[in-house]
Every structure is written in C-alpha cells, then in structure tokens.
file input-v3.pdb (PDB, C-alpha atoms, pLDDT in the B column)
MODEL        1
ATOM      1  CA  ASP Z1159     -21.039  18.456  10.670  1.00 70.00           C
ATOM      2  CA  GLN Z1160     -17.473  18.392   9.357  1.00 80.00           C
ATOM      3  CA  GLN Z1161     -15.430  20.355  11.873  1.00 91.00           C
ATOM      4  CA  VAL Z1162     -12.147  19.894   9.990  1.00 95.00           C
ATOM      5  CA  LYS Z1163     -12.189  20.196   6.208  1.00 94.00           C
ATOM      6  CA  GLN Z1164      -9.650  19.486   3.531  1.00 96.00           C
ATOM      7  CA  ASN Z1165     -11.397  20.668   0.398  1.00 92.00           C
ATOM      8  CA  SER Z1166      -8.823  19.434  -2.111  1.00 94.00           C
ATOM      9  CA  PRO Z1167      -8.998  15.637  -2.447  1.00 93.00           C
ATOM     10  CA  SER Z1168      -5.867  15.558  -4.584  1.00 96.00           C
ATOM     11  CA  LEU Z1169      -2.888  17.636  -5.640  1.00 96.00           C
ATOM     12  CA  SER Z1170      -0.134  17.053  -8.201  1.00 97.00           C
ATOM     13  CA  VAL Z1171       3.164  18.912  -8.017  1.00 97.00           C
ATOM     14  CA  GLN Z1172       6.393  18.720  -9.966  1.00 97.00           C
ATOM     15  CA  GLU Z1173       9.451  17.478  -8.111  1.00 97.00           C
ATOM     16  CA  GLY Z1174      11.431  20.355  -6.600  1.00 97.00           C
ATOM     17  CA  ARG Z1175       8.459  22.719  -6.491  1.00 97.00           C
ATOM     18  CA  ILE Z1176       6.396  23.754  -3.475  1.00 98.00           C
ATOM     19  CA  SER Z1177       3.408  21.706  -2.321  1.00 98.00           C
ATOM     20  CA  ILE Z1178       0.724  23.573  -0.373  1.00 98.00           C
ATOM     21  CA  LEU Z1179      -1.949  21.582   1.406  1.00 98.00           C
ATOM     22  CA  ASN Z1180      -4.842  23.398   3.033  1.00 98.00           C
ATOM     23  CA  CYS Z1181      -7.096  22.713   5.979  1.00 97.00           C
ATOM     24  CA  ASP Z1182     -10.041  24.665   7.406  1.00 97.00           C
ATOM     25  CA  TYR Z1183     -11.780  24.232  10.737  1.00 97.00           C
ATOM     26  CA  THR Z1184     -15.009  25.532  12.186  1.00 95.00           C
ATOM     27  CA  ASN Z1185     -14.658  25.009  15.940  1.00 92.00           C
ATOM     28  CA  SER Z1186     -13.101  28.100  17.566  1.00 92.00           C
ATOM     29  CA  MET Z1187     -12.144  25.991  20.601  1.00 90.00           C
ATOM     30  CA  PHE Z1188      -9.527  24.096  18.583  1.00 91.00           C
ATOM     31  CA  ASP Z1189      -6.078  25.163  19.716  1.00 89.00           C
ATOM     32  CA  TYR Z1190      -3.676  22.391  18.738  1.00 90.00           C
ATOM     33  CA  PHE Z1191      -3.189  21.080  15.231  1.00 93.00           C
ATOM     34  CA  LEU Z1192      -1.304  18.177  13.708  1.00 93.00           C
ATOM     35  CA  TRP Z1193      -0.380  17.064  10.197  1.00 96.00           C
ATOM     36  CA  TYR Z1194       0.020  13.389   9.343  1.00 97.00           C
ATOM     37  CA  LYS Z1195       1.285  11.559   6.294  1.00 97.00           C
ATOM     38  CA  LYS Z1196      -0.100   8.167   5.297  1.00 96.00           C
ATOM     39  CA  TYR Z1197       1.256   5.645   2.844  1.00 95.00           C
ATOM     40  CA  PRO Z1198      -0.949   2.781   1.575  1.00 92.00           C
ATOM     41  CA  ALA Z1199      -1.283  -0.164   3.974  1.00 91.00           C
ATOM     42  CA  GLU Z1200       0.489   1.719   6.774  1.00 94.00           C
ATOM     43  CA  GLY Z1201      -0.643   3.726   9.783  1.00 95.00           C
ATOM     44  CA  PRO Z1202      -0.493   7.535   9.654  1.00 96.00           C
ATOM     45  CA  THR Z1203       2.815   9.018  10.774  1.00 95.00           C
ATOM     46  CA  PHE Z1204       3.214  12.367  12.494  1.00 94.00           C
ATOM     47  CA  LEU Z1205       4.766  15.194  10.491  1.00 95.00           C
ATOM     48  CA  ILE Z1206       4.469  18.482  12.294  1.00 94.00           C
ATOM     49  CA  SER Z1207       2.295  20.274  14.844  1.00 92.00           C
ATOM     50  CA  ILE Z1208       1.337  23.819  15.740  1.00 93.00           C
ATOM     51  CA  SER Z1209      -0.212  25.382  18.797  1.00 90.00           C
ATOM     52  CA  SER Z1210      -2.594  28.326  18.583  1.00 90.00           C
ATOM     53  CA  ILE Z1211      -0.058  30.524  20.382  1.00 90.00           C
ATOM     54  CA  LYS Z1212       2.059  30.411  17.212  1.00 92.00           C
ATOM     55  CA  ASP Z1213       1.336  31.252  13.603  1.00 94.00           C
ATOM     56  CA  LYS Z1214       4.196  29.281  12.066  1.00 96.00           C
ATOM     57  CA  ASN Z1215       6.227  26.185  12.798  1.00 95.00           C
ATOM     58  CA  GLU Z1216       9.066  24.751  10.720  1.00 96.00           C
ATOM     59  CA  ASP Z1217      10.726  21.367  10.606  1.00 95.00           C
ATOM     60  CA  GLY Z1218      13.148  20.876   7.749  1.00 96.00           C
ATOM     61  CA  ARG Z1219      11.246  20.920   4.460  1.00 97.00           C
ATOM     62  CA  PHE Z1220       7.903  21.163   6.227  1.00 97.00           C
ATOM     63  CA  THR Z1221       6.306  24.387   7.452  1.00 98.00           C
ATOM     64  CA  VAL Z1222       2.835  24.776   8.916  1.00 97.00           C
ATOM     65  CA  PHE Z1223       1.073  28.144   8.968  1.00 98.00           C
ATOM     66  CA  LEU Z1224      -1.913  28.943  11.168  1.00 97.00           C
ATOM     67  CA  ASN Z1225      -4.343  31.788  10.535  1.00 97.00           C
ATOM     68  CA  LYS Z1226      -6.613  31.817  13.573  1.00 95.00           C
ATOM     69  CA  SER Z1227      -8.897  34.586  12.376  1.00 95.00           C
ATOM     70  CA  ALA Z1228      -9.618  32.659   9.170  1.00 96.00           C
ATOM     71  CA  LYS Z1229      -9.635  29.284  10.981  1.00 96.00           C
ATOM     72  CA  HIS Z1230      -7.225  28.037   8.344  1.00 97.00           C
ATOM     73  CA  LEU Z1231      -3.947  26.182   8.361  1.00 97.00           C
ATOM     74  CA  SER Z1232      -1.659  25.117   5.578  1.00 98.00           C
ATOM     75  CA  LEU Z1233       1.274  22.751   5.185  1.00 98.00           C
ATOM     76  CA  HIS Z1234       4.096  23.785   2.860  1.00 98.00           C
ATOM     77  CA  ILE Z1235       6.584  21.220   1.572  1.00 98.00           C
ATOM     78  CA  VAL Z1236       9.671  22.709  -0.062  1.00 97.00           C
ATOM     79  CA  PRO Z1237      11.176  21.232  -2.145  1.00 97.00           C
ATOM     80  CA  SER Z1238       8.742  18.446  -2.916  1.00 98.00           C
ATOM     81  CA  GLN Z1239      10.197  14.985  -3.488  1.00 97.00           C
ATOM     82  CA  PRO Z1240       8.686  11.839  -5.062  1.00 96.00           C
ATOM     83  CA  GLY Z1241       8.824  10.158  -1.629  1.00 96.00           C
ATOM     84  CA  ASP Z1242       6.386  12.795  -0.371  1.00 97.00           C
ATOM     85  CA  SER Z1243       3.642  11.211  -2.475  1.00 97.00           C
ATOM     86  CA  ALA Z1244       1.079  10.115   0.115  1.00 97.00           C
ATOM     87  CA  VAL Z1245      -2.226  11.117   1.697  1.00 96.00           C
ATOM     88  CA  TYR Z1246      -1.937  14.031   4.129  1.00 98.00           C
ATOM     89  CA  PHE Z1247      -4.364  14.553   6.996  1.00 97.00           C
ATOM     90  CA  CYS Z1248      -4.762  17.544   9.269  1.00 96.00           C
ATOM     91  CA  ALA Z1249      -6.180  17.075  12.751  1.00 94.00           C
ATOM     92  CA  ALA Z1250      -7.380  19.435  15.475  1.00 92.00           C
ATOM     93  CA  SER Z1251      -8.062  19.261  19.183  1.00 89.00           C
ATOM     94  CA  ALA Z1252      -9.257  21.585  21.965  1.00 85.00           C
ATOM     95  CA  ALA Z1253      -6.493  20.822  24.428  1.00 74.00           C
ATOM     96  CA  ARG Z1254      -6.957  23.879  26.627  1.00 68.00           C
ATOM     97  CA  VAL Z1255     -10.460  22.797  27.654  1.00 66.00           C
ATOM     98  CA  GLY Z1256      -9.258  19.288  28.383  1.00 67.00           C
ATOM     99  CA  THR Z1257     -10.735  17.682  25.294  1.00 68.00           C
ATOM    100  CA  TYR Z1258      -8.443  14.815  24.517  1.00 73.00           C
ATOM    101  CA  LYS Z1259      -9.800  13.861  21.125  1.00 84.00           C
ATOM    102  CA  TYR Z1260      -8.430  14.758  17.731  1.00 90.00           C
ATOM    103  CA  ILE Z1261     -10.772  15.357  14.800  1.00 92.00           C
ATOM    104  CA  PHE Z1262      -9.290  14.637  11.374  1.00 94.00           C
ATOM    105  CA  GLY Z1263      -9.991  16.042   7.959  1.00 95.00           C
ATOM    106  CA  THR Z1264     -10.777  13.857   4.947  1.00 94.00           C
ATOM    107  CA  GLY Z1265      -7.239  13.996   3.592  1.00 95.00           C
ATOM    108  CA  THR Z1266      -5.470  15.265   0.473  1.00 97.00           C
ATOM    109  CA  ARG Z1267      -3.641  12.871  -1.822  1.00 97.00           C
ATOM    110  CA  LEU Z1268      -0.366  14.436  -2.940  1.00 98.00           C
ATOM    111  CA  LYS Z1269       1.396  13.148  -6.016  1.00 98.00           C
ATOM    112  CA  VAL Z1270       4.893  14.477  -6.665  1.00 97.00           C
ATOM    113  CA  LEU Z1271       5.878  13.984 -10.286  1.00 96.00           C
ATOM    114  CA  ALA Z1272       9.501  13.195 -11.116  1.00 90.00           C
TER     115      ALA Z1272
ATOM    116  CA  ASN X  93      10.240  -0.298  20.943  1.00 65.00           C
ATOM    117  CA  ALA X  94       7.080  -1.680  19.309  1.00 78.00           C
ATOM    118  CA  GLY X  95       4.902   1.444  19.755  1.00 93.00           C
ATOM    119  CA  VAL X  96       1.250   0.606  19.043  1.00 96.00           C
ATOM    120  CA  THR X  97       0.415  -2.994  18.138  1.00 97.00           C
ATOM    121  CA  GLN X  98      -2.933  -4.021  16.635  1.00 97.00           C
ATOM    122  CA  THR X  99      -4.291  -7.513  16.132  1.00 96.00           C
ATOM    123  CA  PRO X 100      -5.509  -8.980  13.894  1.00 97.00           C
ATOM    124  CA  LYS X 101      -4.199  -7.271  10.744  1.00 96.00           C
ATOM    125  CA  PHE X 102      -6.937  -8.763   8.560  1.00 96.00           C
ATOM    126  CA  GLN X 103     -10.332 -10.259   9.350  1.00 96.00           C
ATOM    127  CA  VAL X 104     -13.330 -11.358   7.320  1.00 97.00           C
ATOM    128  CA  LEU X 105     -16.655 -11.665   9.119  1.00 96.00           C
ATOM    129  CA  LYS X 106     -20.179 -12.587   8.139  1.00 97.00           C
ATOM    130  CA  THR X 107     -23.025 -10.220   8.954  1.00 97.00           C
ATOM    131  CA  GLY X 108     -24.111 -10.707  12.557  1.00 97.00           C
ATOM    132  CA  GLN X 109     -20.849 -12.182  13.797  1.00 97.00           C
ATOM    133  CA  SER X 110     -18.952 -10.571  16.631  1.00 96.00           C
ATOM    134  CA  MET X 111     -15.282  -9.862  17.063  1.00 96.00           C
ATOM    135  CA  THR X 112     -12.808  -7.839  19.095  1.00 97.00           C
ATOM    136  CA  LEU X 113      -9.921  -5.796  17.767  1.00 98.00           C
ATOM    137  CA  GLN X 114      -7.028  -5.649  20.200  1.00 97.00           C
ATOM    138  CA  CYS X 115      -4.630  -2.761  20.706  1.00 98.00           C
ATOM    139  CA  ALA X 116      -1.633  -2.423  23.003  1.00 97.00           C
ATOM    140  CA  GLN X 117       0.923   0.366  23.445  1.00 96.00           C
ATOM    141  CA  ASP X 118       4.246   0.216  25.237  1.00 95.00           C
ATOM    142  CA  MET X 119       4.943   3.954  25.518  1.00 92.00           C
ATOM    143  CA  ASN X 120       3.198   4.494  28.868  1.00 91.00           C
ATOM    144  CA  HIS X 121       0.721   6.840  27.166  1.00 90.00           C
ATOM    145  CA  ASN X 122      -2.337   8.076  29.025  1.00 89.00           C
ATOM    146  CA  SER X 123      -4.816   8.300  26.153  1.00 90.00           C
ATOM    147  CA  MET X 124      -5.885   5.755  23.541  1.00 93.00           C
ATOM    148  CA  TYR X 125      -8.130   6.006  20.505  1.00 95.00           C
ATOM    149  CA  TRP X 126      -9.923   3.989  17.862  1.00 97.00           C
ATOM    150  CA  TYR X 127     -10.418   5.467  14.389  1.00 97.00           C
ATOM    151  CA  ARG X 128     -11.832   4.064  11.187  1.00 97.00           C
ATOM    152  CA  GLN X 129     -10.740   5.069   7.704  1.00 96.00           C
ATOM    153  CA  ASP X 130     -13.113   4.915   4.772  1.00 93.00           C
ATOM    154  CA  PRO X 131     -12.609   6.229   1.211  1.00 86.00           C
ATOM    155  CA  GLY X 132     -13.526   9.900   0.985  1.00 83.00           C
ATOM    156  CA  MET X 133     -14.293  10.076   4.721  1.00 86.00           C
ATOM    157  CA  GLY X 134     -10.844  10.432   6.215  1.00 89.00           C
ATOM    158  CA  LEU X 135     -10.182   9.220   9.732  1.00 94.00           C
ATOM    159  CA  ARG X 136     -13.222   9.237  11.974  1.00 95.00           C
ATOM    160  CA  LEU X 137     -13.020   8.824  15.737  1.00 94.00           C
ATOM    161  CA  ILE X 138     -15.055   5.913  17.094  1.00 96.00           C
ATOM    162  CA  TYR X 139     -14.182   5.938  20.793  1.00 95.00           C
ATOM    163  CA  TYR X 140     -11.374   7.253  22.933  1.00 93.00           C
ATOM    164  CA  SER X 141     -10.056   6.816  26.442  1.00 92.00           C
ATOM    165  CA  ALA X 142      -8.499   9.933  27.939  1.00 87.00           C
ATOM    166  CA  SER X 143      -6.993   7.944  30.782  1.00 87.00           C
ATOM    167  CA  GLU X 144      -7.165   4.489  32.333  1.00 89.00           C
ATOM    168  CA  GLY X 145     -10.674   3.834  33.602  1.00 89.00           C
ATOM    169  CA  THR X 146     -12.465   6.292  31.306  1.00 91.00           C
ATOM    170  CA  THR X 147     -13.983   5.946  27.848  1.00 94.00           C
ATOM    171  CA  ASP X 148     -15.959   8.398  25.705  1.00 92.00           C
ATOM    172  CA  LYS X 149     -17.784   8.348  22.413  1.00 94.00           C
ATOM    173  CA  GLY X 150     -16.272   9.885  19.354  1.00 92.00           C
ATOM    174  CA  GLU X 151     -17.897  10.842  16.057  1.00 91.00           C
ATOM    175  CA  VAL X 152     -19.169   7.418  14.966  1.00 95.00           C
ATOM    176  CA  PRO X 153     -19.685   5.174  18.040  1.00 97.00           C
ATOM    177  CA  ASN X 154     -22.842   3.301  16.974  1.00 96.00           C
ATOM    178  CA  GLY X 155     -22.352  -0.452  16.661  1.00 96.00           C
ATOM    179  CA  TYR X 156     -19.153  -0.499  18.711  1.00 97.00           C
ATOM    180  CA  ASN X 157     -18.104  -1.002  22.302  1.00 97.00           C
ATOM    181  CA  VAL X 158     -14.711  -0.457  23.902  1.00 97.00           C
ATOM    182  CA  SER X 159     -12.818  -1.565  26.966  1.00 97.00           C
ATOM    183  CA  ARG X 160      -9.780   0.131  28.474  1.00 95.00           C
ATOM    184  CA  LEU X 161      -8.416  -3.012  30.083  1.00 89.00           C
ATOM    185  CA  ASN X 162      -5.423  -1.300  31.693  1.00 94.00           C
ATOM    186  CA  LYS X 163      -3.089   1.557  30.804  1.00 94.00           C
ATOM    187  CA  ARG X 164      -1.553  -0.441  27.925  1.00 96.00           C
ATOM    188  CA  GLU X 165      -4.580  -2.036  26.272  1.00 97.00           C
ATOM    189  CA  PHE X 166      -7.707  -0.684  24.568  1.00 97.00           C
ATOM    190  CA  SER X 167     -10.015  -3.079  22.719  1.00 97.00           C
ATOM    191  CA  LEU X 168     -12.804  -2.404  20.209  1.00 98.00           C
ATOM    192  CA  ARG X 169     -15.712  -4.831  19.974  1.00 97.00           C
ATOM    193  CA  LEU X 170     -18.253  -5.297  17.221  1.00 96.00           C
ATOM    194  CA  GLU X 171     -21.178  -7.166  18.782  1.00 92.00           C
ATOM    195  CA  SER X 172     -23.106  -7.805  15.556  1.00 96.00           C
ATOM    196  CA  ALA X 173     -21.077  -6.886  12.511  1.00 96.00           C
ATOM    197  CA  ALA X 174     -22.733  -5.129   9.560  1.00 97.00           C
ATOM    198  CA  PRO X 175     -21.411  -4.540   6.020  1.00 96.00           C
ATOM    199  CA  SER X 176     -21.253  -0.804   6.839  1.00 96.00           C
ATOM    200  CA  GLN X 177     -18.500  -1.636   9.319  1.00 97.00           C
ATOM    201  CA  THR X 178     -16.206  -2.813   6.546  1.00 97.00           C
ATOM    202  CA  SER X 179     -13.258  -0.481   7.012  1.00 97.00           C
ATOM    203  CA  VAL X 180      -9.664  -0.109   8.077  1.00 97.00           C
ATOM    204  CA  TYR X 181      -9.409   0.427  11.816  1.00 98.00           C
ATOM    205  CA  PHE X 182      -6.557   2.285  13.456  1.00 98.00           C
ATOM    206  CA  CYS X 183      -5.649   2.378  17.101  1.00 97.00           C
ATOM    207  CA  ALA X 184      -3.608   5.311  18.410  1.00 95.00           C
ATOM    208  CA  SER X 185      -2.178   6.514  21.679  1.00 93.00           C
ATOM    209  CA  SER X 186      -1.032   9.835  23.081  1.00 89.00           C
ATOM    210  CA  GLU X 187       0.649  11.143  26.179  1.00 82.00           C
ATOM    211  CA  PHE X 188      -2.098  13.765  26.344  1.00 68.00           C
ATOM    212  CA  GLY X 189      -2.066  15.301  29.778  1.00 57.00           C
ATOM    213  CA  GLY X 190       1.557  14.371  30.385  1.00 51.00           C
ATOM    214  CA  THR X 191       4.701  16.380  29.930  1.00 47.00           C
ATOM    215  CA  GLY X 192       5.440  15.239  26.393  1.00 49.00           C
ATOM    216  CA  ALA X 193       4.056  16.338  23.067  1.00 55.00           C
ATOM    217  CA  ASN X 194       0.374  15.654  22.557  1.00 78.00           C
ATOM    218  CA  VAL X 195       0.918  13.714  19.378  1.00 87.00           C
ATOM    219  CA  LEU X 196      -0.956  10.605  18.293  1.00 91.00           C
ATOM    220  CA  THR X 197       1.081   7.496  17.533  1.00 93.00           C
ATOM    221  CA  PHE X 198      -0.799   5.085  15.284  1.00 96.00           C
ATOM    222  CA  GLY X 199      -0.722   1.366  14.818  1.00 97.00           C
ATOM    223  CA  ALA X 200      -0.441  -0.251  11.393  1.00 96.00           C
ATOM    224  CA  GLY X 201      -4.168  -0.833  11.063  1.00 97.00           C
ATOM    225  CA  SER X 202      -6.632  -3.731  10.975  1.00 97.00           C
ATOM    226  CA  ARG X 203      -8.540  -4.337   7.745  1.00 97.00           C
ATOM    227  CA  LEU X 204     -12.017  -5.692   8.425  1.00 97.00           C
ATOM    228  CA  THR X 205     -14.405  -6.977   5.789  1.00 97.00           C
ATOM    229  CA  VAL X 206     -18.007  -7.815   6.677  1.00 97.00           C
ATOM    230  CA  LEU X 207     -19.836  -9.928   4.096  1.00 96.00           C
TER     231      LEU X 207
ENDMDL
END
call {"tool": "encode", "arguments": {"input": "input-v3.pdb", "output": "structure tokens"}}
result
Amino acid sequence: DQQVKQNSPSLSVQEGRISILNCDYTNSMFDYFLWYKKYPAEGPTFLISISSIKDKNEDGRFTVFLNKSAKHLSLHIVPSQPGDSAVYFCAASAARVGTYKYIFGTGTRLKVLA
Amino acid sequence: NAGVTQTPKFQVLKTGQSMTLQCAQDMNHNSMYWYRQDPGMGLRLIYYSASEGTTDKGEVPNGYNVSRLNKREFSLRLESAAPSQTSVYFCASSEFGGTGANVLTFGAGSRLTVL
C-alpha cells in the first residue's frame, strides 16, 4: 500500500526552463510535506516544506504547491540548472495526530540538459 | 557541526552473519529514524524512535532490531543477514515535537552487501 506516490520515475528538462515534479498521497491524515534532493553516494538533503494550512510555499527558485482536495503536491524549479540534476523525493507525515514518521515516495530522477 | 554520523560507510556480510549499524546525531534532536533505499522503491522506513526510550516499527521492520541507546544514538541490528537486506541504509534525525522545524536531517548512508 503505497501511501505516497511519485508516478514519474524520470524527467528531462532543458536548462533555464521550468521543472515540475509531482507527488500524490492517499492518507488524508497527512498534514506536513517535505521535498528532498539526493545526489549519488550522498544522503538526501532538505529542499522545502509545506504545511496543510498553506497551499503554496516559496524558497528562491523552488516553489511547492499543495492541493489538499486532490491529495496532490508539486515542486516547481524555475529556472532549472544543470546542478539540479538529482533524484527528488517527496515525504509526508501526520504531525497533528502525533505521528512522528515520514513516508517517502519512490523518487523522480531529474536531468537538466545544458 | 557534524550533524548525523553513520558507521560503517561500507560493509560486506555473508548470509547469516550479524552486524550493527551505528548512528549518532549532535543536534539534540528528539526523533531518530532508519530508512533503506532500494532501486525503484524509494526510501522505506524501517524503524523510528519518536523520543528517547521509545521505538516503533516502520514500513519494513522484519529482520531488523533497533536500540535507542540515549538521545544521541540509534543503532540498527541485523541478527541474521539475508541477501534481501542488501541496500543503502540511511539514518536521520528530527526535532519533531520541539520548537524547530520538523525536518529530517540525514546521514551520508551505509552501503551493505549481503552475499
């Protein structure tokens, strides 16, 4: 039972264009979401988060959108740069009910072409 | 500031052998986690510890045991390793329940191969 799904295993984007990575979840109790970036042979690093009380959060080139009714979130990277090439994971937790665990999606490999 | 430190970075085991992966964090975080990463499967939660003195099963706990030794340290033990446990293991910590952001900080990973 995959509670957090990233249905696109890979994505290629031209440098300077927008990258859109998608994530769907099934558990309506999830109320806090994270995006991570992972380079080969390194641990995942935190990118951006969003709480269910918001529908958008921005941090520089990165924006996360949350659509609670559709149980869908997306990460927008504008403009995309070659250094953004990595695997991106979304993660969800049910913080308000005191559940301290994060469930991750399967990841999307982004390749930004120069 | 070291963050989350995992040892060892690499390990090769034979089927049936046992070993312990060590994890320590120096950020005074309440919660600690063990994940495994496999191709096509993403990051799957093995066990977590919401606070010192507590541990709970995650998505894939079978074949593993954990110990929250103190607030800093959280170890993962394989009692009888199997080839299916070949994976990259990540430890993470979070201030979950504190006043800071509830963000996971990961270690660099431990690559385990079981022959």
call {"tool": "atom_distance", "arguments": {"input": "input-v3.pdb", "atom1": "atom CA of Asp130 of chain X", "atom2": "atom CA of Val1245 of chain Z"}}
result
12.9 Å
call {"tool": "resolve_selection", "arguments": {"input": "input-v3.pdb", "expression": "the PyMOL selection byres ((chain X) within 12 of (chain Z))", "output": "PyMOL selection string"}}
result
chain X and resi 95-98+101-102+122-143+146-152+180-190+193-203
call {"tool": "atom_distance", "arguments": {"input": "input-v3.pdb", "atom1": "atom CA of Ser1238 of chain Z", "atom2": "atom CA of Ser1170 of chain Z"}}
result
10.4 Å
call {"tool": "axis_aligned_box", "arguments": {"input": "input-v3.pdb", "around": "segment 1241-1255 of chain Z", "padding_each_side": "4 Å", "output": "lines of an AutoDock Vina configuration file"}}
result
center_x = -0.8
center_y = 17.0
center_z = 12.6
size_x = 27.3
size_y = 21.8
size_z = 38.1
call {"tool": "resolve_selection", "arguments": {"input": "input-v3.pdb", "expression": "the PyMOL selection byres ((chain Z and resi 1183) around 7)", "output": "NGL selection string"}}
result
:Z and (1161-1163 or 1181-1182 or 1184-1185 or 1229-1230)
call {"tool": "atom_distance", "arguments": {"input": "input-v3.pdb", "atom1": "atom CA of Pro1237 of chain Z", "atom2": "atom CA of Ile1211 of chain Z"}}
result
26.8 Å
call {"tool": "resolve_selection", "arguments": {"input": "input-v3.pdb", "expression": "the PyMOL selection byres ((chain Z and resi 1235) around 8)", "output": "list in words"}}
result
Ile1176, Ser1177, Ile1178, Arg1219, Phe1220, Thr1221, Leu1233, His1234, Val1236, Pro1237 and Ser1238 of chain Z
call {"tool": "residues_around", "arguments": {"input": "input-v3.pdb", "residues": "Ser176 of chain X", "least_positions_apart": "5", "cutoff": "10 Å", "atoms": "only C-alpha atoms", "output": "list of chain:residue names"}}
result
X:Thr107, X:Gly155, X:Thr205, X:Val206, X:Leu207
call {"tool": "closest_residue", "arguments": {"input": "input-v3.pdb", "among": "Z:Ala1250, Z:Ser1186, Z:Gly1241, Z:Lys1212", "to": "Ser1227 of chain Z", "atoms": "only C-alpha atoms"}}
result
Z:Ser1186
call {"tool": "closest_residue", "arguments": {"input": "input-v3.pdb", "among": "X:Ala116, X:Ala94, X:Leu105, X:Leu161", "to": "Ala173 of chain X", "atoms": "all atoms listed in the file"}}
result
X:Leu105
call {"tool": "decode", "arguments": {"input": "input-v3.pdb", "residues": "segment 112-187 of chain X", "atoms": "C-alpha atoms", "output": "short mmCIF file (atom, residue, chain, number, x, y, z; two decimals), in the first residue's frame"}}
result
data_model
loop_
_atom_site.label_atom_id
_atom_site.label_comp_id
_atom_site.auth_asym_id
_atom_site.auth_seq_id
_atom_site.Cartn_x
_atom_site.Cartn_y
_atom_site.Cartn_z
CA THR X 112 25.05 -3.38 13.82
CA LEU X 113 24.86 -0.07 12.01
CA GLN X 114 25.61 2.85 14.29
CA CYS X 115 24.11 6.33 14.10
CA ALA X 116 24.77 9.41 16.20
CA GLN X 117 23.44 12.98 15.96
CA ASP X 118 24.77 16.08 17.67
CA MET X 119 21.80 18.39 17.10
CA ASN X 120 19.90 17.48 20.29
CA HIS X 121 17.04 16.13 18.17
CA ASN X 122 14.22 14.18 19.78
CA SER X 123 13.41 11.74 16.98
CA MET X 124 15.61 9.34 15.02
CA TYR X 125 14.93 7.10 12.05
CA TRP X 126 16.34 4.29 9.95
CA TYR X 127 15.48 4.09 6.25
CA ARG X 128 16.64 1.83 3.47
CA GLN X 129 16.91 2.83 -0.17
CA ASP X 130 16.50 0.30 -2.95
CA PRO X 131 16.25 0.90 -6.72
CA GLY X 132 12.68 1.70 -7.73
CA MET X 133 11.48 1.54 -4.10
CA GLY X 134 12.49 4.94 -2.80
CA LEU X 135 13.19 5.41 0.88
CA ARG X 136 11.36 2.99 3.13
CA LEU X 137 11.11 3.44 6.89
CA ILE X 138 12.45 0.50 8.89
CA TYR X 139 12.15 1.73 12.48
CA TYR X 140 11.90 5.07 14.21
CA SER X 141 12.24 6.46 17.70
CA ALA X 142 9.97 9.41 18.44
CA SER X 143 11.86 10.21 21.62
CA GLU X 144 14.49 8.70 23.90
CA GLY X 145 13.21 5.45 25.36
CA THR X 146 10.68 4.68 22.61
CA THR X 147 10.92 2.76 19.35
CA ASP X 148 8.28 1.84 16.76
CA LYS X 149 8.09 -0.20 13.61
CA GLY X 150 8.02 1.46 10.25
CA GLU X 151 7.06 0.05 6.86
CA VAL X 152 9.65 -2.74 6.58
CA PRO X 153 10.79 -3.82 10.08
CA ASN X 154 11.16 -7.59 9.52
CA GLY X 155 14.70 -8.86 10.03
CA TYR X 156 15.83 -5.79 11.97
CA ASN X 157 16.08 -4.65 15.56
CA VAL X 158 16.88 -1.21 16.93
CA SER X 159 18.14 0.35 20.12
CA ARG X 160 17.79 3.98 21.15
CA LEU X 161 20.85 3.98 23.38
CA ASN X 162 20.44 7.60 24.51
CA LYS X 163 19.20 10.83 22.96
CA ARG X 164 22.17 10.96 20.56
CA GLU X 165 22.47 7.36 19.37
CA PHE X 166 20.17 4.99 17.47
CA SER X 167 21.53 1.65 16.25
CA LEU X 168 20.13 -0.83 13.71
CA ARG X 169 20.94 -4.52 14.08
CA LEU X 170 20.69 -7.31 11.55
CA GLU X 171 20.67 -10.55 13.55
CA SER X 172 20.94 -12.93 10.59
CA ALA X 173 21.64 -11.09 7.37
CA ALA X 174 19.90 -12.13 4.14
CA PRO X 175 20.66 -11.12 0.53
CA SER X 176 17.33 -9.22 0.51
CA GLN X 177 18.86 -6.85 3.05
CA THR X 178 21.45 -5.67 0.55
CA SER X 179 20.70 -1.96 0.43
CA VAL X 180 21.83 1.52 1.31
CA TYR X 181 20.79 2.44 4.83
CA PHE X 182 20.19 5.99 5.96
CA CYS X 183 19.85 7.28 9.47
CA ALA X 184 18.00 10.55 10.06
CA SER X 185 17.01 12.75 12.95
CA SER X 186 14.39 15.41 13.56
CA GLU X 187 13.46 17.86 16.26
#
